[in-house]
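A short worksheet on the structure shown next.
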Amino acid sequence: MYRKKLMRVCLTGVMVVSIATANVAPVFAAEPVEKVETESDSWDSISGEINFRDTDNNESIFVQFNNEKVEDYRWGDDPKDTYEVLPAETVKKYLPEGYELVEGIYSVAGGETQDSYFVYAEVKKVLVEETQDVKINYYDEAAGKQVAEVPVQVSIDTSCVNMAILTRYLPEGYTL
């Protein structure tokens, strides 16, 4: 809740500073003002850094991004309630391996200098189930010999094998 308000205040401050300096600069230069281009007018693509924050482990992974398009995000009825965001598809391109995005809005901040834009994205580690290879030995008691040996992957914390798995790999002509 407060993050949105804080982001709005920060972006408003950045815009005021950039517009004020852009409007005052021609006066000091004593040149006629034809068209003053502010930072928001020229936002076709930006470069900067994405902070992928894993809040479960208190880790941040910073990844550089270059020449990416931004979109306007409107969160209220007032047209002033808009700010620039990176699309989720763009953020996913830079996502570190082994992580997935937590749904959210990836707002753009900063931009005081070239390539200094900043995007915050919350991530969490993808849980990878650890597996182990187990060999199932089918033994014919009447003949006194091993009939088949089948490798099966099971979860590392498994202490038993499901009966359906045993019957699936059962050699032809045999019953349990």
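Residue numbering restarts at 1 in every chain; chains get A, B, ... in the order shown in the structure tokens, and ligands count up from 1 in that same order.
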
**Study point:** Nearby residues (only C-alpha atoms) at most 12 Å from range 84-86 of chain A, same-chain spacing under 4 positions excluded, as a PyMOL selection string
**Key:** chain A and resi 7-8+11-12+15+40+43-50+65-75+80+90-94+104-111+117-121

What does the file look like for those residues with N, CA and C atoms, as a compact mmCIF listing (two decimals), in the first residue's frame?
```txt
# COMPACT_ATOMS: atom_id res chain seq x y z
N MET A 7 6.33 5.25 -4.38
CA MET A 7 6.77 5.25 -5.78
C MET A 7 6.22 6.47 -6.51
N ARG A 8 4.97 6.81 -6.24
CA ARG A 8 4.35 7.97 -6.90
C ARG A 8 5.06 9.26 -6.50
N LEU A 11 8.56 9.30 -8.18
CA LEU A 11 8.47 9.58 -9.61
C LEU A 11 8.05 11.02 -9.87
N THR A 12 7.16 11.56 -9.03
CA THR A 12 6.76 12.95 -9.18
C THR A 12 7.95 13.86 -8.95
N MET A 15 10.24 13.75 -11.94
CA MET A 15 9.66 14.47 -13.07
C MET A 15 9.76 15.98 -12.87
N SER A 40 10.33 12.46 -19.91
CA SER A 40 9.18 11.59 -20.15
C SER A 40 8.76 11.60 -21.62
N TRP A 43 10.95 8.80 -23.60
CA TRP A 43 11.02 7.45 -23.03
C TRP A 43 10.53 6.41 -24.00
N ASP A 44 11.28 6.12 -25.03
CA ASP A 44 10.92 5.02 -25.92
C ASP A 44 11.47 3.72 -25.37
N SER A 45 12.74 3.75 -25.01
CA SER A 45 13.36 2.58 -24.40
C SER A 45 14.37 3.07 -23.37
N ILE A 46 14.58 2.24 -22.36
CA ILE A 46 15.46 2.62 -21.27
C ILE A 46 16.45 1.50 -20.98
N SER A 47 17.48 1.84 -20.24
CA SER A 47 18.47 0.87 -19.78
C SER A 47 18.69 1.09 -18.30
N GLY A 48 19.09 0.05 -17.62
CA GLY A 48 19.33 0.18 -16.19
C GLY A 48 19.56 -1.16 -15.53
N GLU A 49 18.96 -1.34 -14.36
CA GLU A 49 19.23 -2.52 -13.55
C GLU A 49 17.94 -3.02 -12.92
N ILE A 50 17.78 -4.33 -12.90
CA ILE A 50 16.63 -4.95 -12.23
C ILE A 50 17.13 -5.59 -10.94
N PHE A 65 19.79 -4.42 -17.72
CA PHE A 65 18.96 -4.55 -18.91
C PHE A 65 19.24 -3.37 -19.83
N ASN A 66 19.06 -3.56 -21.13
CA ASN A 66 19.39 -2.52 -22.10
C ASN A 66 18.28 -2.34 -23.12
N ASN A 67 17.99 -1.09 -23.42
CA ASN A 67 17.06 -0.69 -24.49
C ASN A 67 15.75 -1.47 -24.45
N GLU A 68 15.05 -1.39 -23.36
CA GLU A 68 13.76 -2.07 -23.21
C GLU A 68 12.63 -1.04 -23.21
N LYS A 69 11.53 -1.41 -23.80
CA LYS A 69 10.35 -0.54 -23.88
C LYS A 69 9.65 -0.49 -22.52
N VAL A 70 9.07 0.66 -22.22
CA VAL A 70 8.28 0.83 -21.01
C VAL A 70 6.83 1.05 -21.39
N GLU A 71 5.94 0.79 -20.43
CA GLU A 71 4.52 0.99 -20.62
C GLU A 71 4.01 1.89 -19.51
N ASP A 72 2.90 2.57 -19.76
CA ASP A 72 2.25 3.36 -18.72
C ASP A 72 1.28 2.48 -17.95
N TYR A 73 1.31 2.58 -16.64
CA TYR A 73 0.39 1.83 -15.79
C TYR A 73 -0.45 2.84 -15.02
N ARG A 74 -1.75 2.71 -15.12
CA ARG A 74 -2.66 3.63 -14.45
C ARG A 74 -3.34 2.89 -13.31
N TRP A 75 -3.23 3.42 -12.10
CA TRP A 75 -3.79 2.73 -10.94
C TRP A 75 -4.92 3.48 -10.28
N LYS A 80 -3.27 11.55 -13.72
CA LYS A 80 -1.98 11.77 -13.07
C LYS A 80 -1.51 10.53 -12.31
N THR A 90 9.23 -8.69 -20.41
CA THR A 90 10.59 -8.14 -20.44
C THR A 90 11.35 -8.56 -19.19
N VAL A 91 10.70 -8.46 -18.03
CA VAL A 91 11.36 -8.83 -16.78
C VAL A 91 11.71 -10.32 -16.79
N LYS A 92 10.83 -11.15 -17.36
CA LYS A 92 11.08 -12.59 -17.41
C LYS A 92 12.31 -12.92 -18.26
N LYS A 93 12.61 -12.08 -19.27
CA LYS A 93 13.81 -12.32 -20.10
C LYS A 93 15.08 -12.29 -19.27
N TYR A 94 15.10 -11.48 -18.23
CA TYR A 94 16.30 -11.29 -17.42
C TYR A 94 16.26 -12.09 -16.11
N GLY A 104 3.25 -9.16 -9.77
CA GLY A 104 3.31 -7.79 -9.30
C GLY A 104 3.48 -6.83 -10.46
N ILE A 105 3.73 -5.58 -10.11
CA ILE A 105 3.94 -4.52 -11.09
C ILE A 105 5.41 -4.14 -11.00
N TYR A 106 6.06 -4.04 -12.13
CA TYR A 106 7.50 -3.79 -12.16
C TYR A 106 7.73 -2.34 -12.56
N SER A 107 7.60 -1.43 -11.57
CA SER A 107 7.68 -0.01 -11.85
C SER A 107 9.11 0.45 -12.04
N VAL A 108 9.25 1.47 -12.88
CA VAL A 108 10.56 2.02 -13.23
C VAL A 108 10.81 3.24 -12.36
N ALA A 109 11.99 3.33 -11.77
CA ALA A 109 12.37 4.47 -10.95
C ALA A 109 13.76 4.92 -11.38
N GLY A 110 14.18 6.04 -10.84
CA GLY A 110 15.52 6.55 -11.14
C GLY A 110 15.56 7.30 -12.44
N GLY A 111 16.66 7.19 -13.14
CA GLY A 111 16.82 7.84 -14.44
C GLY A 111 17.46 9.20 -14.38
N TYR A 117 18.23 3.68 -14.69
CA TYR A 117 16.87 3.31 -14.30
C TYR A 117 16.93 2.05 -13.45
N PHE A 118 15.94 1.92 -12.59
CA PHE A 118 15.94 0.86 -11.60
C PHE A 118 14.56 0.22 -11.56
N VAL A 119 14.51 -1.11 -11.55
CA VAL A 119 13.26 -1.85 -11.48
C VAL A 119 13.37 -2.86 -10.35
N TYR A 120 12.33 -2.95 -9.54
CA TYR A 120 12.28 -3.91 -8.43
C TYR A 120 11.33 -5.04 -8.80
N ALA A 121 11.77 -6.28 -8.66
CA ALA A 121 10.92 -7.44 -8.95
C ALA A 121 11.13 -8.48 -7.85
```

Check which residues of range 27-143 of chain A sit at most 8 Å from range 152-175 of chain A using only C-alpha atoms, and return one row each with the closest pair of atoms and their distance in Å to one decimal, ordered by chain and rising number, as a Markdown table.
```
| residue | atom | partner | partner_atom | distance |
| --- | --- | --- | --- | --- |
| A:Glu129 | CA | A:Ser155 | CA | 6.9 |
| A:Glu130 | CA | A:Ile156 | CA | 5.6 |
| A:Thr131 | CA | A:Ser155 | CA | 4.4 |
| A:Gln132 | CA | A:Ile156 | CA | 5.4 |
| A:Asp133 | CA | A:Gln153 | CA | 4.6 |
| A:Val134 | CA | A:Val152 | CA | 5.2 |
| A:Lys135 | CA | A:Val152 | CA | 6.1 |
| A:Ile136 | CA | A:Val152 | CA | 7.3 |
| A:Tyr138 | CA | A:Leu170 | CA | 7.5 |
```

Write a file of the selected residues as a PDB file, in the first residue's frame, keeping C-alpha atoms.
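Written output follows (result_36.pdb):
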```
ATOM      1  CA  GLU A 129      12.301 -32.034  -6.247  1.00  0.00           C
ATOM      2  CA  GLU A 130      15.383 -34.107  -5.635  1.00  0.00           C
ATOM      3  CA  THR A 131      15.139 -37.608  -7.052  1.00  0.00           C
ATOM      4  CA  GLN A 132      17.132 -40.774  -6.780  1.00  0.00           C
ATOM      5  CA  ASP A 133      17.419 -43.804  -9.024  1.00  0.00           C
ATOM      6  CA  VAL A 134      16.131 -47.038  -7.535  1.00  0.00           C
ATOM      7  CA  LYS A 135      16.388 -50.448  -9.169  1.00  0.00           C
ATOM      8  CA  ILE A 136      13.461 -52.815  -8.842  1.00  0.00           C
ATOM      9  CA  TYR A 138      11.962 -58.993 -10.059  1.00  0.00           C
TER      10      TYR A 138
END
```

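Here CA of Asp56 in chain A stands at a distance of 26.9 Å from CA of Ser116 in chain A.
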
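Every protein or nucleic acid residue with an atom no more than 10 Å from Asp140 in chain A, counting only C-alpha atoms and leaving out same-chain residues fewer than 5 positions away, appears here: Lys145, Gln146, Val147, Ala148, Tyr174, Thr175 and Leu176 of chain A.
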
Export of the given selection (C-alpha atoms) as a PDB file, in the first residue's frame:
```
ATOM      1  CA  LYS A 145      16.733 -66.488 -10.334  1.00  0.00           C
ATOM      2  CA  GLN A 146      16.353 -62.797 -11.088  1.00  0.00           C
ATOM      3  CA  VAL A 147      13.953 -62.176 -13.984  1.00  0.00           C
ATOM      4  CA  ALA A 148      14.362 -58.427 -14.514  1.00  0.00           C
ATOM      5  CA  TYR A 174       4.661 -63.000 -14.338  1.00  0.00           C
ATOM      6  CA  THR A 175       2.336 -61.949 -11.525  1.00  0.00           C
ATOM      7  CA  LEU A 176       3.039 -60.539  -8.099  1.00  0.00           C
TER       8      LEU A 176
END
```

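These are the residues of range 63-162 of chain A assigned alpha helix (DSSP H) by DSSP from backbone coordinates: Ala88, Glu89, Thr90, Val91, Lys92 and Lys93 of chain A.
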
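Relative to CA of Arg3 in chain A, CA of Glu97 in chain A is found at 27.0 Å.
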
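Going from CA of Tyr83 in chain A to CA of Phe52 in chain A covers 19.9 Å.
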
Exercise for review: Rank A:Asn51, A:Ala88, A:Lys4, A:Gln64 by their smallest atom-to-atom distance to Asp115 in chain A, using only C-alpha atoms, and report the top residue only.
Suggested key: A:Gln64
